[in-house]
$ cat upload25.pdb   # PDB, C-alpha atoms and all ligand atoms
ATOM      1  CA  MET Q   1       9.026 -15.391   2.637  1.00  0.00           C
ATOM      2  CA  SER Q   2       6.528 -15.046   5.434  1.00  0.00           C
ATOM      3  CA  ARG Q   3       4.301 -17.909   6.460  1.00  0.00           C
ATOM      4  CA  ALA Q   4       0.662 -17.667   5.501  1.00  0.00           C
ATOM      5  CA  ALA Q   5      -0.791 -19.012   8.712  1.00  0.00           C
ATOM      6  CA  ALA Q   6      -0.482 -16.008  10.962  1.00  0.00           C
ATOM      7  CA  VAL Q   7      -1.776 -12.530  10.321  1.00  0.00           C
ATOM      8  CA  GLN Q   8       1.174 -10.235  10.539  1.00  0.00           C
ATOM      9  CA  GLU Q   9       1.579  -6.579  11.094  1.00  0.00           C
ATOM     10  CA  PRO Q  10       2.764  -4.730   8.012  1.00  0.00           C
ATOM     11  CA  ASP Q  11       6.555  -4.624   8.016  1.00  0.00           C
ATOM     12  CA  VAL Q  12       6.774  -1.116   6.638  1.00  0.00           C
ATOM     13  CA  GLU Q  13       6.364   2.273   8.260  1.00  0.00           C
ATOM     14  CA  GLN Q  14       5.708   4.205   5.074  1.00  0.00           C
ATOM     15  CA  VAL Q  15       2.861   3.390   2.719  1.00  0.00           C
ATOM     16  CA  VAL Q  16       1.644   4.813  -0.580  1.00  0.00           C
ATOM     17  CA  VAL Q  17      -1.819   6.222  -1.091  1.00  0.00           C
ATOM     18  CA  SER Q  18      -3.542   7.815  -4.053  1.00  0.00           C
ATOM     19  CA  ARG Q  19      -4.174  11.510  -3.877  1.00  0.00           C
ATOM     20  CA  SER Q  20      -7.757  10.771  -4.849  1.00  0.00           C
ATOM     21  CA  GLN Q  21     -10.176  11.680  -2.127  1.00  0.00           C
ATOM     22  CA  TYR Q  22     -11.952   8.407  -2.792  1.00  0.00           C
ATOM     23  CA  ALA Q  23      -8.933   6.257  -2.102  1.00  0.00           C
ATOM     24  CA  ASP Q  24      -9.378   3.973   0.858  1.00  0.00           C
ATOM     25  CA  THR Q  25      -6.476   1.612   0.344  1.00  0.00           C
ATOM     26  CA  VAL Q  26      -2.846   1.888   1.293  1.00  0.00           C
ATOM     27  CA  HIS Q  27      -0.116   0.170  -0.718  1.00  0.00           C
ATOM     28  CA  ARG Q  28       3.383  -0.998  -0.094  1.00  0.00           C
ATOM     29  CA  PRO Q  29       5.831   1.468  -1.641  1.00  0.00           C
ATOM     30  CA  ASP Q  30       7.642   0.337  -4.768  1.00  0.00           C
ATOM     31  CA  THR Q  31      11.286   0.470  -3.796  1.00  0.00           C
ATOM     32  CA  GLY Q  32      12.473   0.365  -7.398  1.00  0.00           C
ATOM     33  CA  THR Q  33      11.553   3.947  -8.160  1.00  0.00           C
ATOM     34  CA  ASP Q  34      12.204   7.404  -6.792  1.00  0.00           C
ATOM     35  CA  ASP Q  35       8.598   8.441  -7.218  1.00  0.00           C
ATOM     36  CA  PRO Q  36       6.090   7.259  -4.656  1.00  0.00           C
ATOM     37  CA  ARG Q  37       3.933   4.559  -6.177  1.00  0.00           C
ATOM     38  CA  PRO Q  38       2.443   1.211  -5.190  1.00  0.00           C
ATOM     39  CA  ALA Q  39       4.354  -2.030  -5.565  1.00  0.00           C
ATOM     40  CA  CYS Q  40       1.272  -3.727  -7.039  1.00  0.00           C
ATOM     41  CA  ALA Q  41      -0.367  -3.417 -10.440  1.00  0.00           C
ATOM     42  CA  GLN Q  42      -2.357  -0.392  -9.310  1.00  0.00           C
ATOM     43  CA  ALA Q  43       0.611   1.702 -10.352  1.00  0.00           C
ATOM     44  CA  GLY Q  44       0.227   0.651 -13.972  1.00  0.00           C
ATOM     45  CA  ALA Q  45      -3.533   0.888 -13.922  1.00  0.00           C
ATOM     46  CA  ASP Q  46      -3.525   4.423 -12.608  1.00  0.00           C
ATOM     47  CA  LYS Q  47      -0.673   6.094 -14.391  1.00  0.00           C
ATOM     48  CA  ARG Q  48      -2.368   9.430 -14.332  1.00  0.00           C
ATOM     49  CA  ARG Q  49      -3.031   9.212 -10.670  1.00  0.00           C
ATOM     50  CA  GLU Q  50      -0.638  10.816  -8.298  1.00  0.00           C
ATOM     51  CA  TRP Q  51       0.632   8.982  -5.292  1.00  0.00           C
ATOM     52  CA  ARG Q  52       2.058  10.157  -2.080  1.00  0.00           C
ATOM     53  CA  GLU Q  53       4.030   8.447   0.598  1.00  0.00           C
ATOM     54  CA  VAL Q  54       2.705   8.731   4.105  1.00  0.00           C
ATOM     55  CA  SER Q  55       3.264   7.064   7.426  1.00  0.00           C
ATOM     56  CA  LEU Q  56       1.263   3.914   7.980  1.00  0.00           C
ATOM     57  CA  ALA Q  57       0.310   5.009  11.460  1.00  0.00           C
ATOM     58  CA  SER Q  58      -1.430   8.098  10.126  1.00  0.00           C
ATOM     59  CA  GLN Q  59      -3.532   6.054   7.702  1.00  0.00           C
ATOM     60  CA  ARG Q  60      -4.338   3.064   9.795  1.00  0.00           C
ATOM     61  CA  PRO Q  61      -7.540   4.269  11.466  1.00  0.00           C
ATOM     62  CA  HIS Q  62      -9.452   4.810   8.238  1.00  0.00           C
ATOM     63  CA  ARG Q  63      -7.832   2.887   5.402  1.00  0.00           C
ATOM     64  CA  SER Q  64      -7.417  -0.743   4.393  1.00  0.00           C
ATOM     65  CA  LEU Q  65      -4.291  -2.570   3.355  1.00  0.00           C
ATOM     66  CA  CYS Q  66      -4.031  -3.428  -0.321  1.00  0.00           C
ATOM     67  CA  ARG Q  67      -4.704  -7.140  -0.722  1.00  0.00           C
ATOM     68  CA  ASN Q  68      -2.390  -7.582  -3.666  1.00  0.00           C
ATOM     69  CA  PRO Q  69       0.424 -10.034  -2.878  1.00  0.00           C
ATOM     70  CA  ALA Q  70       2.904  -7.409  -4.039  1.00  0.00           C
ATOM     71  CA  CYS Q  71       1.680  -5.160  -1.267  1.00  0.00           C
ATOM     72  CA  PHE Q  72       0.317  -6.740   1.888  1.00  0.00           C
ATOM     73  CA  GLY Q  73      -0.681 -10.177   0.693  1.00  0.00           C
ATOM     74  CA  GLY Q  74      -4.373 -10.313   1.359  1.00  0.00           C
ATOM     75  CA  GLU Q  75      -4.307  -9.442   5.012  1.00  0.00           C
ATOM     76  CA  TRP Q  76      -6.805  -7.117   6.569  1.00  0.00           C
ATOM     77  CA  TRP Q  77      -6.703  -5.075   9.675  1.00  0.00           C
TER      78      TRP Q  77
HETATM   79 ZN    ZN Q 101      -1.309  -2.395  -3.742  1.00  0.00          ZN
END

$ encode --input "upload25.pdb" --output "structure tokens" --more "lines below"
Ligand SMILES: [Zn+2]
Amino acid sequence: MSRAAAVQEPDVEQVVVSRSQYADTVHRPDTGTDDPRPACAQAGADKRREWREVSLASQRPHRSLCRNPACFGGEWW
């Protein structure tokens, strides 16, 4: 996989965010499902929460990348 040394730009254009107005984190989309949901454990923890897929560029100014290794591996903007 990717090397840990360098901070890398996210390699996806679409990300998943909770519909909650309090959500401030974007997740990598889970490619194993038709429904938009995060690749990390947040999906299981928030089953009742609805997720939507949005473009990363639209979220970048005001949201953080999920630090879960299944999403963006602990990197911050
Ligand atoms: Zn995540």

$ resolve_selection --input "upload25.pdb" --expression "the PyMOL selection byres (((not hetatm)) within 7 of (chain Q and resi 101))" --output "VMD selection string"
chain Q and resid 26 to 28 38 to 42 66 to 68 70 to 71

$ axis_aligned_box --input "upload25.pdb" --around "segment 21-30 of chain Q" --padding-each-side "3 Å" --output "JSON"
{"center_x": -2.2, "center_y": 5.3, "center_z": -1.7, "size_x": 25.6, "size_y": 18.7, "size_z": 12.1}

$ resolve_selection --input "upload25.pdb" --expression "the PyMOL selection byres (((chain Q and resi 51) around 7) and not hetatm)" --output "list in words"
Val16, Val17, Ser18, Arg19, Pro36, Arg37, Arg49, Glu50, Arg52 and Glu53 of chain Q

$ atom_distance --input "upload25.pdb" --atom1 "atom CA of Glu13 of chain Q" --atom2 "atom CA of Arg60 of chain Q"
10.8 Å

$ atom_distance --input "upload25.pdb" --atom1 "atom CA of Asp35 of chain Q" --atom2 "atom CA of Pro61 of chain Q"
25.0 Å

$ atom_distance --input "upload25.pdb" --atom1 "atom CA of Leu56 of chain Q" --atom2 "atom CA of Ala23 of chain Q"
14.5 Å
